[in-house]
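Trainee: Contents are compact mmCIF, C-alpha atoms (C1' of nucleotides); file name run_30.txt:
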# COMPACT_ATOMS: atom_id res chain seq x y z
CA MET I 103 41.21 37.88 -12.61
CA ALA I 104 43.95 35.49 -11.65
CA LYS I 105 47.34 35.82 -13.27
CA PRO I 106 48.48 33.05 -15.61
CA PHE I 107 49.57 29.99 -13.63
CA GLU I 108 48.70 31.57 -10.31
CA PHE I 109 48.27 29.01 -7.57
CA GLU I 110 45.70 29.88 -4.95
CA LEU I 111 46.18 28.05 -1.69
CA LEU I 112 42.54 28.04 -0.67
CA HIS I 113 42.67 26.09 2.54
CA VAL I 114 44.90 23.94 4.70
CA CYS I 115 43.23 21.04 6.52
CA LYS I 116 43.44 21.77 10.24
CA GLN I 117 43.42 18.08 10.99
CA THR I 118 46.27 17.05 8.65
CA GLY I 119 47.93 20.02 6.97
CA ALA I 120 46.78 18.78 3.58
CA ARG I 121 46.34 21.53 1.00
CA ARG I 122 43.32 22.57 -1.02
CA GLY I 123 44.30 24.75 -3.97
CA ARG I 124 43.48 26.07 -7.39
CA LEU I 125 45.89 26.35 -10.31
CA HIS I 126 45.03 28.67 -13.18
CA THR I 127 46.06 27.76 -16.73
CA PRO I 128 45.24 29.09 -20.22
CA HIS I 129 42.81 26.20 -20.71
CA GLY I 130 41.06 26.46 -17.40
CA VAL I 131 41.34 26.00 -13.69
CA ILE I 132 42.62 22.90 -11.94
CA GLU I 133 41.23 22.14 -8.51
CA THR I 134 43.85 20.52 -6.31
CA PRO I 135 44.72 18.03 -4.96
CA ILE I 136 44.26 16.35 -8.31
CA TYR I 137 44.92 13.10 -10.09
CA MET I 138 45.88 13.54 -13.74
CA PRO I 139 45.27 10.67 -16.18
CA VAL I 140 48.16 9.89 -18.50
CA GLY I 141 47.79 10.10 -22.27
CA THR I 142 51.34 9.43 -23.37
CA GLN I 143 50.77 9.51 -27.10
CA ALA I 144 48.14 12.25 -27.14
CA SER I 145 45.54 9.74 -26.01
CA VAL I 146 44.54 8.25 -22.69
CA LYS I 147 44.58 4.70 -23.93
CA THR I 148 41.15 3.41 -25.00
CA MET I 149 39.33 6.59 -23.88
CA SER I 150 37.85 9.46 -25.88
CA PRO I 151 38.13 13.04 -24.60
CA ASP I 152 34.38 13.09 -23.92
CA GLU I 153 34.66 9.98 -21.78
CA LEU I 154 37.54 11.56 -19.88
CA LYS I 155 35.40 14.59 -19.16
CA ASP I 156 32.52 12.37 -18.06
CA CYS I 157 34.96 10.71 -15.67
CA GLY I 158 35.84 14.09 -14.20
CA ALA I 159 39.32 14.52 -15.63
CA GLN I 160 40.39 18.16 -15.32
CA ILE I 161 43.81 17.86 -16.94
CA ILE I 162 45.72 15.12 -18.70
CA LEU I 163 49.36 14.35 -19.34
CA SER I 164 51.11 13.81 -22.59
CA ASN I 165 54.68 13.03 -23.41
CA THR I 166 57.49 14.89 -25.10
CA TYR I 167 59.60 11.87 -25.86
CA HIS I 168 56.85 9.82 -27.51
CA LEU I 169 55.33 12.67 -29.51
CA HIS I 170 58.76 13.82 -30.64
CA LEU I 171 59.51 10.40 -32.11
CA ARG I 172 56.01 9.99 -33.48
CA PRO I 173 54.34 11.88 -35.11
CA GLY I 174 56.87 14.67 -34.44
CA GLU I 175 56.17 18.02 -32.79
CA GLU I 176 56.13 19.91 -36.10
CA LEU I 177 53.15 17.91 -37.25
CA VAL I 178 51.38 18.68 -34.00
CA ARG I 179 52.20 22.36 -34.41
CA LYS I 180 50.74 22.30 -37.95
CA ALA I 181 47.62 20.64 -36.54
CA GLY I 182 47.17 23.69 -34.34
CA GLY I 183 48.84 22.34 -31.23
CA LEU I 184 48.16 19.37 -29.02
CA HIS I 185 44.77 20.57 -27.78
CA GLU I 186 43.45 20.95 -31.29
CA PHE I 187 45.17 17.79 -32.54
CA MET I 188 43.61 15.53 -29.92
CA HIS I 189 40.38 17.50 -29.38
CA TRP I 190 41.00 18.20 -25.70
CA ASP I 191 40.17 21.73 -24.60
CA ARG I 192 41.17 21.41 -20.95
CA PRO I 193 44.70 21.79 -19.59
CA ILE I 194 47.53 19.51 -20.69
CA LEU I 195 50.80 18.86 -18.91
CA THR I 196 53.71 17.42 -20.89
CA ASP I 197 56.44 15.37 -19.34
CA SER I 198 59.86 16.37 -20.60
CA GLY I 199 61.20 13.03 -21.79
CA GLY I 200 63.76 12.77 -19.01
CA PHE I 201 62.00 9.86 -17.39
CA GLN I 202 61.56 7.98 -20.67
CA VAL I 203 65.29 8.19 -21.33
CA PHE I 204 65.78 6.69 -17.87
CA SER I 205 63.09 4.04 -18.12
CA LEU I 206 62.84 2.76 -21.65
CA ALA I 207 65.25 4.13 -24.20
CA ASP I 208 68.48 2.29 -24.78
CA LEU I 209 70.62 4.93 -23.13
CA ARG I 210 73.81 5.59 -25.05
CA LYS I 211 75.48 8.62 -23.61
CA LEU I 212 74.50 10.97 -20.82
CA THR I 213 76.54 14.19 -20.57
CA ASP I 214 75.91 17.72 -19.42
CA ALA I 215 75.00 18.56 -23.00
CA GLY I 216 72.08 16.14 -22.99
CA VAL I 217 71.24 12.52 -23.64
CA GLU I 218 72.07 10.52 -26.72
CA PHE I 219 70.01 7.38 -27.04
CA ARG I 220 68.33 5.02 -29.46
CA SER I 221 64.68 5.27 -30.36
CA HIS I 222 62.58 2.37 -29.10
CA LEU I 223 60.63 2.58 -32.35
CA ASP I 224 63.29 2.12 -35.01
CA GLY I 225 66.63 2.12 -33.24
CA SER I 226 67.61 5.45 -34.77
CA LYS I 227 70.05 7.65 -32.89
CA GLN I 228 68.37 10.50 -31.01
CA PHE I 229 69.51 13.42 -28.90
CA ILE I 230 67.53 15.42 -26.38
CA SER I 231 68.87 18.36 -24.39
CA PRO I 232 67.06 20.74 -22.05
CA GLU I 233 66.73 23.22 -24.94
CA ILE I 234 65.39 20.59 -27.34
CA SER I 235 62.91 19.33 -24.76
CA ILE I 236 61.55 22.83 -24.21
CA GLY I 237 61.42 23.41 -27.96
CA ILE I 238 59.34 20.27 -28.41
CA GLN I 239 57.02 21.14 -25.56
CA GLU I 240 56.48 24.66 -26.90
CA ALA I 241 55.64 23.22 -30.31
CA LEU I 242 53.17 20.86 -28.66
CA GLY I 243 51.66 23.81 -26.82
CA SER I 244 50.93 22.20 -23.48
CA ASP I 245 49.80 24.38 -20.58
CA ILE I 246 52.47 23.04 -18.26
CA ALA I 247 55.91 21.90 -19.41
CA MET I 248 58.24 19.91 -17.22
CA GLN I 249 61.95 20.57 -17.10
CA PHE I 250 64.31 18.02 -18.68
CA ASP I 251 65.74 16.16 -15.69
CA GLU I 252 67.88 13.18 -14.76
CA CYS I 253 65.99 10.57 -12.79
CA SER I 254 68.05 8.34 -10.50
CA PRO I 255 67.25 4.64 -10.22
CA TYR I 256 66.58 2.74 -6.99
CA PRO I 257 68.86 1.90 -5.40
CA CYS I 258 71.43 4.53 -6.33
CA ASP I 259 74.77 5.32 -4.74
CA TYR I 260 75.28 8.76 -3.25
CA THR I 261 77.74 10.11 -5.81
CA ARG I 262 75.55 9.23 -8.74
CA ALA I 263 72.45 10.64 -7.03
CA ARG I 264 74.28 13.86 -6.19
CA ASP I 265 75.57 14.26 -9.76
CA ALA I 266 72.07 13.67 -11.16
CA MET I 267 70.59 16.20 -8.75
CA TYR I 268 73.10 18.93 -9.66
CA ARG I 269 72.77 18.17 -13.34
CA THR I 270 69.00 18.52 -12.97
CA LEU I 271 69.52 21.94 -11.36
CA ARG I 272 71.84 23.02 -14.19
CA TRP I 273 69.40 21.73 -16.78
CA LEU I 274 66.57 23.64 -15.12
CA GLU I 275 68.43 26.92 -15.63
CA ARG I 276 68.88 26.05 -19.29
CA CYS I 277 65.20 25.16 -19.63
CA MET I 278 64.28 28.55 -18.15
CA LYS I 279 66.57 30.33 -20.60
CA ALA I 280 65.27 28.35 -23.57
CA LYS I 281 61.67 28.97 -22.66
CA SER I 282 59.88 31.56 -24.80
CA ARG I 283 56.11 30.98 -24.56
CA PRO I 284 54.39 33.09 -21.90
CA ASP I 285 51.30 30.92 -22.12
CA GLN I 286 53.16 27.84 -20.96
CA ALA I 287 54.29 27.18 -17.39
CA LEU I 288 57.59 25.48 -16.60
CA PHE I 289 57.89 23.27 -13.53
CA GLY I 290 61.22 22.31 -12.02
CA ILE I 291 61.74 18.75 -10.78
CA VAL I 292 63.31 18.01 -7.42
CA GLN I 293 65.67 15.05 -7.56
CA GLY I 294 68.15 13.55 -5.07
CA ALA I 295 67.17 9.89 -4.98
CA PHE I 296 66.67 8.67 -1.40
CA TYR I 297 69.16 10.97 0.30
CA SER I 298 67.27 13.57 2.28
CA ASP I 299 70.18 16.03 2.31
CA LEU I 300 70.26 15.98 -1.50
CA ARG I 301 66.49 16.34 -1.72
CA ILE I 302 66.49 19.24 0.73
CA GLU I 303 69.32 21.01 -1.02
CA CYS I 304 67.61 20.57 -4.37
CA ALA I 305 64.32 21.88 -2.99
CA LYS I 306 66.06 24.90 -1.43
CA GLU I 307 67.84 25.76 -4.68
CA MET I 308 64.66 25.46 -6.70
CA ALA I 309 62.71 27.53 -4.19
CA LYS I 310 64.97 30.45 -5.10
CA LEU I 311 63.72 30.34 -8.68
CA ASP I 312 60.57 32.06 -9.77
CA LEU I 313 58.69 29.07 -11.11
CA PRO I 314 54.95 28.39 -11.04
CA GLY I 315 55.29 24.87 -9.68
CA PHE I 316 57.56 21.99 -8.81
CA GLY I 317 57.62 18.30 -9.55
CA ILE I 318 59.02 15.71 -7.22
CA GLY I 319 60.71 13.13 -9.41
CA GLY I 320 62.63 9.95 -8.83
CA LEU I 321 60.17 8.51 -6.32
CA SER I 322 58.00 5.44 -6.84
CA VAL I 323 60.78 3.78 -8.79
CA GLY I 324 60.70 0.45 -6.98
CA GLU I 325 61.30 1.44 -3.36
CA PRO I 326 58.95 0.38 -0.53
CA LYS I 327 56.10 2.82 -0.02
CA GLU I 328 57.25 3.67 3.50
CA VAL I 329 60.59 4.80 2.08
CA MET I 330 58.81 7.15 -0.31
CA TYR I 331 56.54 8.51 2.44
CA GLU I 332 59.52 9.16 4.70
CA MET I 333 61.34 11.00 1.93
CA LEU I 334 58.27 13.16 1.29
CA GLU I 335 58.03 14.05 4.97
CA LYS I 336 61.68 15.06 5.14
CA MET I 337 61.69 17.25 2.05
CA MET I 338 58.23 18.81 2.17
CA PRO I 339 59.10 21.58 4.67
CA PHE I 340 61.59 22.89 2.10
CA MET I 341 59.18 23.00 -0.82
CA PRO I 342 57.81 26.48 -1.58
CA GLU I 343 54.51 26.77 0.20
CA GLY I 344 52.72 28.94 -2.33
CA LYS I 345 53.45 26.73 -5.34
CA PRO I 346 51.86 23.45 -6.45
CA ARG I 347 53.77 20.29 -5.61
CA TYR I 348 53.48 17.54 -8.17
CA LEU I 349 54.47 14.01 -7.15
CA MET I 350 55.37 12.44 -10.46
CA GLY I 351 54.31 8.94 -11.37
CA VAL I 352 52.16 8.25 -8.30
CA GLY I 353 50.05 6.26 -8.00
CA SER I 354 47.77 3.81 -6.32
CA PRO I 355 44.74 4.96 -4.27
CA ASP I 356 46.64 4.64 -0.99
CA CYS I 357 49.68 6.47 -2.37
CA LEU I 358 47.47 9.36 -3.47
CA ILE I 359 45.96 9.60 0.01
CA GLU I 360 49.32 9.38 1.74
CA GLY I 361 50.75 11.94 -0.68
CA VAL I 362 47.96 14.46 0.00
CA LEU I 363 48.40 13.92 3.74
CA ARG I 364 52.04 14.93 3.28
CA GLY I 365 51.28 18.08 1.29
CA ILE I 366 51.18 16.98 -2.35
CA ASP I 367 48.87 18.84 -4.74
CA MET I 368 49.19 16.96 -8.03
CA PHE I 369 49.67 13.36 -9.13
CA ASP I 370 49.84 11.47 -12.38
CA CYS I 371 50.07 7.76 -12.90
CA VAL I 372 49.63 5.13 -15.59
CA LEU I 373 48.75 2.53 -12.98
CA ALA I 374 44.99 3.05 -13.16
CA THR I 375 44.78 2.67 -16.91
CA ARG I 376 47.47 0.02 -17.19
CA VAL I 377 46.00 -2.34 -14.62
CA ALA I 378 42.58 -1.65 -16.13
CA ARG I 379 43.76 -2.98 -19.49
CA ASN I 380 45.13 -6.05 -17.78
CA GLY I 381 41.90 -6.86 -15.96
CA THR I 382 42.20 -5.15 -12.56
CA VAL I 383 40.00 -2.38 -11.16
CA PHE I 384 40.08 -0.30 -8.00
CA THR I 385 37.03 -0.56 -5.76
CA HIS I 386 36.13 0.71 -2.31
CA ASP I 387 36.87 -2.82 -1.10
CA GLY I 388 40.33 -2.95 -2.66
CA ARG I 389 41.62 -4.23 -5.96
CA LEU I 390 39.40 -6.55 -7.94
CA VAL I 391 40.78 -8.77 -10.69
CA VAL I 392 37.63 -8.92 -12.77
CA ARG I 393 39.02 -11.62 -15.05
CA ASN I 394 39.07 -14.10 -12.16
CA ALA I 395 36.83 -17.15 -12.49
CA LYS I 396 34.95 -16.32 -9.31
CA TYR I 397 33.22 -13.45 -11.13
CA ALA I 398 31.97 -15.60 -14.00
CA GLU I 399 28.40 -15.49 -12.66
CA ASP I 400 28.65 -12.34 -10.59
CA PHE I 401 25.98 -10.00 -11.92
CA SER I 402 26.85 -7.09 -9.63
CA PRO I 403 28.78 -4.00 -10.79
CA LEU I 404 32.56 -3.66 -10.43
CA ASP I 405 32.01 -1.39 -7.42
CA ALA I 406 28.58 -1.10 -5.80
CA ASP I 407 29.45 2.41 -4.59
CA CYS I 408 30.42 3.78 -7.99
CA ASP I 409 28.35 5.83 -10.45
CA CYS I 410 30.63 5.53 -13.46
CA TYR I 411 29.31 4.45 -16.86
CA ALA I 412 30.71 0.94 -16.43
CA CYS I 413 29.25 0.41 -12.97
CA LYS I 414 25.86 1.88 -13.81
CA ASN I 415 25.34 -0.31 -16.88
CA PHE I 416 27.44 -3.49 -16.77
CA THR I 417 28.15 -6.46 -14.53
CA ARG I 418 31.34 -8.16 -13.43
CA ALA I 419 30.24 -11.29 -15.31
CA TYR I 420 29.82 -9.34 -18.55
CA ILE I 421 33.10 -7.46 -18.25
CA ARG I 422 34.89 -10.70 -17.38
CA HIS I 423 33.38 -12.29 -20.47
CA LEU I 424 34.52 -9.35 -22.61
CA PHE I 425 37.96 -9.65 -21.13
CA LYS I 426 38.26 -13.39 -21.70
CA ALA I 427 36.96 -12.91 -25.23
CA GLY I 428 39.58 -10.25 -25.94
CA GLU I 429 36.97 -7.59 -26.60
CA ILE I 430 38.30 -4.03 -26.55
CA LEU I 431 35.24 -2.83 -24.63
CA ALA I 432 36.57 -4.65 -21.57
CA LEU I 433 39.70 -2.47 -21.56
CA ARG I 434 37.57 0.63 -22.08
CA LEU I 435 35.07 -0.09 -19.33
CA ASN I 436 37.84 -0.95 -16.86
CA SER I 437 39.72 2.22 -17.79
CA ILE I 438 36.61 4.39 -17.47
CA HIS I 439 35.96 2.92 -14.05
CA ASN I 440 39.50 3.35 -12.74
CA ILE I 441 39.81 6.95 -13.95
CA TRP I 442 36.41 7.73 -12.42
CA PHE I 443 37.43 6.03 -9.19
CA LEU I 444 40.58 8.13 -8.73
CA THR I 445 39.10 11.45 -9.86
CA HIS I 446 36.10 11.04 -7.56
CA MET I 447 38.32 9.87 -4.72
CA MET I 448 40.16 13.17 -5.14
CA ASP I 449 36.83 15.04 -5.14
CA GLU I 450 36.12 13.54 -1.75
CA ILE I 451 39.60 14.35 -0.55
CA ARG I 452 39.22 18.01 -1.57
CA ALA I 453 35.91 18.20 0.27
CA ALA I 454 37.42 16.58 3.35
CA ILE I 455 40.27 19.10 3.36
CA GLU I 456 37.81 21.98 3.17
CA ASN I 457 35.96 20.47 6.12
CA ASP I 458 39.18 19.92 8.07
CA CYS I 459 38.47 16.21 8.38
CA LEU I 460 40.83 14.50 5.95
CA LEU I 461 42.22 12.18 8.61
CA ASP I 462 38.70 11.00 9.45
CA TRP I 463 38.00 10.53 5.77
CA ALA I 464 41.21 8.54 5.27
CA ASN I 465 40.51 6.31 8.25
CA GLU I 466 37.04 5.64 6.93
CA PHE I 467 38.42 4.85 3.49
CA TYR I 468 41.01 2.48 4.93
CA ALA I 469 38.49 0.87 7.26
CA ARG I 470 36.95 -1.09 4.41
CA HIS I 471 40.04 -2.65 2.93
CA GLY I 472 43.03 -1.72 5.02
CA ARG I 473 45.89 0.67 4.71
CA GLY I 474 48.72 -1.22 3.15
CA ASN I 475 47.27 -3.86 0.84
CA TRP I 476 46.34 -1.79 -2.18
C1' G B 287 35.39 -55.13 -48.66
C1' U B 288 40.80 -53.79 -50.03
C1' G B 289 44.93 -50.53 -49.42
C1' G B 290 47.00 -46.32 -46.97
C1' G B 291 47.13 -42.65 -43.07
C1' U B 292 46.25 -40.60 -38.13
C1' G B 293 45.39 -41.55 -32.76
C1' U B 294 50.39 -37.88 -27.25
C1' A B 295 47.44 -32.02 -22.15
C1' G B 296 40.56 -29.12 -23.07
C1' C B 297 42.33 -27.77 -28.44
C1' U B 298 46.41 -27.78 -32.41
C1' C B 299 50.68 -30.45 -32.55
C1' A B 300 56.40 -31.79 -31.57
C1' G B 301 58.85 -35.98 -29.65
C1' U B 302 65.98 -37.93 -32.89
C1' U B 303 69.05 -44.81 -34.16
C1' G B 304 64.22 -47.50 -28.30
C1' G B 305 67.40 -44.52 -22.94
C1' U B 306 66.65 -39.52 -16.81
C1' U B 307 60.72 -37.20 -14.06
C1' A B 308 56.95 -37.01 -22.08
C1' G B 309 57.38 -31.17 -24.28
C1' A B 310 55.57 -26.52 -27.05
C1' G B 311 51.77 -23.17 -28.52
C1' U B 312 46.98 -22.03 -27.21
C1' G B 313 43.20 -22.45 -23.60
C1' C B 314 42.30 -22.83 -18.26
C1' C B 315 43.74 -21.07 -13.05
C1' A B 316 46.32 -17.42 -10.07
C1' G B 317 49.61 -13.40 -9.12
C1' G B 318 52.01 -8.83 -11.02
C1' U B 319 51.85 -3.79 -13.22
C1' U B 320 53.24 3.50 -10.10
C1' G B 321 56.41 10.83 -14.84
C1' U B 322 52.75 3.74 -20.33
C1' G B 323 57.13 0.27 -25.87
C1' G B 324 48.11 -0.52 -25.45
C1' C B 325 45.83 -8.10 -25.82
C1' C B 326 51.84 -7.51 -21.51
C1' C B 327 55.09 -10.20 -17.66
C1' U B 328 55.66 -14.31 -14.01
C1' G B 329 54.01 -18.71 -11.96
C1' G B 330 50.60 -23.04 -11.58
C1' A B 331 47.28 -27.07 -12.62
C1' G B 332 46.36 -30.45 -16.34
C1' G B 333 48.80 -36.89 -19.82
C1' C B 334 47.61 -45.09 -17.65
C1' C B 335 51.13 -41.30 -25.11
C1' G B 336 43.31 -44.89 -28.09
C1' A B 337 42.94 -50.16 -25.78
C1' G B 338 45.24 -55.10 -25.11
C1' A B 339 49.28 -58.45 -25.67
C1' G B 340 54.41 -59.19 -27.04
C1' U B 341 59.97 -58.20 -27.96
C1' U B 342 63.67 -55.77 -24.66
C1' C B 343 67.53 -54.41 -18.93
C1' G B 344 64.30 -50.42 -20.80
C1' A B 345 58.63 -48.92 -25.38
C1' G B 346 55.28 -42.57 -26.84
C1' U B 347 58.98 -44.88 -30.33
C1' C B 348 59.58 -51.83 -32.59
C1' U B 349 55.92 -56.35 -33.55
C1' C B 350 50.91 -58.42 -33.37
C1' U B 351 45.69 -57.93 -32.25
C1' U B 352 41.77 -54.65 -31.63
C1' C B 353 38.92 -49.93 -31.59
C1' A B 354 37.96 -44.94 -33.50
C1' C B 355 38.43 -41.35 -37.24
C1' C B 356 40.21 -39.73 -42.21
C1' C B 357 41.58 -40.60 -47.44
C1' A B 358 41.79 -43.49 -51.92
C1' C B 359 40.01 -47.59 -54.63
C1' C B 360 36.21 -51.34 -55.30
What is this file in structure tokens?

Mentor:
Amino acid sequence: MAKPFEFELLHVCKQTGARRGRLHTPHGVIETPIYMPVGTQASVKTMSPDELKDCGAQIILSNTYHLHLRPGEELVRKAGGLHEFMHWDRPILTDSGGFQVFSLADLRKLTDAGVEFRSHLDGSKQFISPEISIGIQEALGSDIAMQFDECSPYPCDYTRARDAMYRTLRWLERCMKAKSRPDQALFGIVQGAFYSDLRIECAKEMAKLDLPGFGIGGLSVGEPKEVMYEMLEKMMPFMPEGKPRYLMGVGSPDCLIEGVLRGIDMFDCVLATRVARNGTVFTHDGRLVVRNAKYAEDFSPLDADCDCYACKNFTRAYIRHLFKAGEILALRLNSIHNIWFLTHMMDEIRAAIENDCLLDWANEFYARHGRGNW
RNA sequence: GUGGGUGUAGCUCAGUUGGUUAGAGUGCCAGGUUGUGGCCCUGGAGGCCGAGAGUUCGAGUCUCUUCACCCACC
């Protein structure tokens, strides 16, 4: 029997060095590399838990910041925890709220103590510290909690990036001290903006800590993809080999592939569900904006090579009609398809790693639509 | 038949005492979206201002004629 949060490194692709692993959690096993759909407010927008399972989702994300503001973690605790509350019996990972403070809250004051900011919901003054973030996440009862971190913007000058990186390290220690639930894992988050020396130092410091996994934060914040890939290559040798590496907030199909090729084990991203709700789907031939007029009389599925519920039963013309008519089913079908597309793409990637042929698989994947225009 | 009202973008309308290249919303078309503030953001196309004549340096705007539609009265 595996220990809680044990990460088994099952195989390393001889062709690429990509990793095939297995992460154990109280709510089940996660096969890696994996894409995790995002359900910020205890819901992957427009999708029911059953539909998520049908799409092959093994684990979903939820969010400390949003659930703290509404409905509040105490309510979730009374409901029996997040799993019970949202009727999801597979693993859940909660983001700490650090990124939300960086990306959407009206940031008031950032000190070593924590962050004081205004709620985006009602403007009320709020305060989150590493201890408070852990407290919220323990009340929510997620399987994996993320440390409260400071995410640097892009671009970011060296001094600010260095300060954010060291603060993130200090906050990680406080998160570890505040942590009390043995049935919840805590991941650190490597920061350091786009300075490889900061990234490497951060990774080295975190590697000294006995943690079940590590996030890589502060990437995919507006920089060119090549810049992100280069940063991953430089820092990856310093990430602990026996622990899962979670590239936060990534991404598009090509970014997932490139991430796996560089040693990433876990990804999450809102892109798939967000673009879905705005009329775009991923297909084996690239992105398809199904609301475009050219699909008005196209009675083929979104993606001919897809077995998802939307592709098996509905046409582009119908989904375009639903979209133009403002019907909610359009958002749902697009979301179902995009989640299916990424989870099954990762299935193929895992198989390719096991067969030591991920590079061949990637080249084949790119052959249809190209490498850079996703 | 008489009196009144309305005609401006596909649709609903704004347009000042007459004054640059006639606007908005919506719809249409096309991009965008990367640890989610769920119908979003950005851009584009689209007008002989019902038609004709007149006044004026200049008319969507003023005058006359005419056409269409609406309302009231007979």

Trainee: If we count all atoms listed in the file, which residues of chain B reach to within 7 Å of chain I? Please list them as a PyMOL selection string.

Mentor: chain B and resi 319-325

Trainee: Could you tell me, as an MDAnalysis selection string, which residues have any atom at most 8 Å from (39.8, -39.1, -38.9), counting all atoms listed in the file?

Mentor: chainID B and resid 292 355:356

Trainee: Need the axis-aligned box for region 292-306 of chain B with 5 Å each side, so what are the centre and edges in Å to one decimal, as lines of an AutoDock Vina configuration file?

Mentor:
center_x = 54.8
center_y = -37.6
center_z = -27.5
size_x = 38.5
size_y = 29.7
size_z = 31.3

Trainee: Measure the distance from CA of Phe289 (chain I) to CA of Ala464 (chain I) in Å and round it to one decimal.

Mentor: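 Atom-to-atom, CA of Phe289 (chain I) and CA of Ala464 (chain I) are spaced 29.1 Å apart.
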
Trainee: What is the CA of Asp251 (chain I)-CA of Thr270 (chain I) distance in Å, reported with one decimal?

Mentor: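 Result for CA of Asp251 (chain I) versus CA of Thr270 (chain I): 4.9 Å, one decimal.
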
Trainee: To one decimal place in Å, what is the distance between C1' of C343 (chain B) and C1' of U302 (chain B)?

Mentor: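 Interatomic distance, C1' of C343 (chain B) to C1' of U302 (chain B): 21.7 Å.
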
Trainee: List the spatial neighbours of Leu212 (chain I) as a PDB file with C-alpha atoms, in the coordinates of the input - criterion: any atom at most 10 Å away, all atoms listed in the file, same-chain residues fewer than 3 positions off excluded.

Mentor:
ATOM      1  CA  VAL I 203      65.290   8.190 -21.330  1.00  0.00           C
ATOM      2  CA  LEU I 209      70.620   4.930 -23.130  1.00  0.00           C
ATOM      3  CA  ALA I 215      75.000  18.560 -23.000  1.00  0.00           C
ATOM      4  CA  GLY I 216      72.080  16.140 -22.990  1.00  0.00           C
ATOM      5  CA  VAL I 217      71.240  12.520 -23.640  1.00  0.00           C
ATOM      6  CA  GLU I 218      72.070  10.520 -26.720  1.00  0.00           C
ATOM      7  CA  PHE I 219      70.010   7.380 -27.040  1.00  0.00           C
ATOM      8  CA  PHE I 229      69.510  13.420 -28.900  1.00  0.00           C
ATOM      9  CA  ILE I 230      67.530  15.420 -26.380  1.00  0.00           C
ATOM     10  CA  SER I 231      68.870  18.360 -24.390  1.00  0.00           C
ATOM     11  CA  GLU I 252      67.880  13.180 -14.760  1.00  0.00           C
TER      12      GLU I 252
END

Trainee: Tell me which of I:Asp449, I:Glu108, I:Glu133, I:Glu466 sits closest to Met368 (chain I), counting all atoms listed in the file.

Mentor: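 Using all atoms listed in the file, the shortest distance to Met368 (chain I) belongs to I:Glu133.
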
Trainee: Please identify all polymer residues within 12 Å of G313 (chain B), counting all atoms listed in the file, omitting same-chain residues fewer than 4 positions from it, and present them as a list in words.

Mentor: Lys426 and Ala427 of chain I; A295, G296, C297, U298 and G332 of chain B

Trainee: Would you list the contacts of C348 (chain B) as an mmCIF file with C-alpha atoms (C1' of nucleotides), in the coordinates of the input, taking every protein, DNA or RNA residue within 12 Å and counting only C-alpha atoms (C1' of nucleotides), but skipping same-chain residues closer than 5 positions in sequence?

Mentor:
data_model
loop_
_atom_site.group_PDB
_atom_site.id
_atom_site.type_symbol
_atom_site.label_atom_id
_atom_site.label_comp_id
_atom_site.auth_asym_id
_atom_site.auth_seq_id
_atom_site.Cartn_x
_atom_site.Cartn_y
_atom_site.Cartn_z
ATOM 1 C "C1'" U B 303 69.050 -44.810 -34.160
ATOM 2 C "C1'" G B 304 64.220 -47.500 -28.300
ATOM 3 C "C1'" G B 340 54.410 -59.190 -27.040
ATOM 4 C "C1'" U B 341 59.970 -58.200 -27.960
ATOM 5 C "C1'" U B 342 63.670 -55.770 -24.660
#

Trainee: Counting all atoms listed in the file, find residues at most 10 Å from (45.0, 23.5, -22.0) (file frame) and give them as a ChimeraX atom specification.

Mentor: /I:127-131,160-162,184-186,190-195,243-246,285-286

Trainee: Could you take the residues named above and write them with C-alpha atoms, as a short mmCIF file (atom, residue, chain, number, x, y, z; two decimals), keeping the file's coordinate frame?

Mentor:
data_model
loop_
_atom_site.label_atom_id
_atom_site.label_comp_id
_atom_site.auth_asym_id
_atom_site.auth_seq_id
_atom_site.Cartn_x
_atom_site.Cartn_y
_atom_site.Cartn_z
CA THR I 127 46.06 27.76 -16.73
CA PRO I 128 45.24 29.09 -20.22
CA HIS I 129 42.81 26.20 -20.71
CA GLY I 130 41.06 26.46 -17.40
CA VAL I 131 41.34 26.00 -13.69
CA GLN I 160 40.39 18.16 -15.32
CA ILE I 161 43.81 17.86 -16.94
CA ILE I 162 45.72 15.12 -18.70
CA LEU I 184 48.16 19.37 -29.02
CA HIS I 185 44.77 20.57 -27.78
CA GLU I 186 43.45 20.95 -31.29
CA TRP I 190 41.00 18.20 -25.70
CA ASP I 191 40.17 21.73 -24.60
CA ARG I 192 41.17 21.41 -20.95
CA PRO I 193 44.70 21.79 -19.59
CA ILE I 194 47.53 19.51 -20.69
CA LEU I 195 50.80 18.86 -18.91
CA GLY I 243 51.66 23.81 -26.82
CA SER I 244 50.93 22.20 -23.48
CA ASP I 245 49.80 24.38 -20.58
CA ILE I 246 52.47 23.04 -18.26
CA ASP I 285 51.30 30.92 -22.12
CA GLN I 286 53.16 27.84 -20.96
#

Trainee: Would you kindly return, as a VMD selection string, each protein, DNA or RNA residue with an atom no farther than 7 Å from any atom of region 117-122 of chain I, considering all atoms listed in the file and excluding same-chain residues fewer than 3 positions away?

Mentor: chain I and resid 111 to 114 134 to 135 362 to 365 367 452 455 to 456 458 to 461

Trainee: Could you pull the residues within 12 Å of His446 (chain I), counting all atoms listed in the file, minus those fewer than 6 positions along the same chain, as an MDAnalysis selection string?

Mentor: chainID I and resid 135:138 156:160 355 385:386 407:410 438:440 452:453
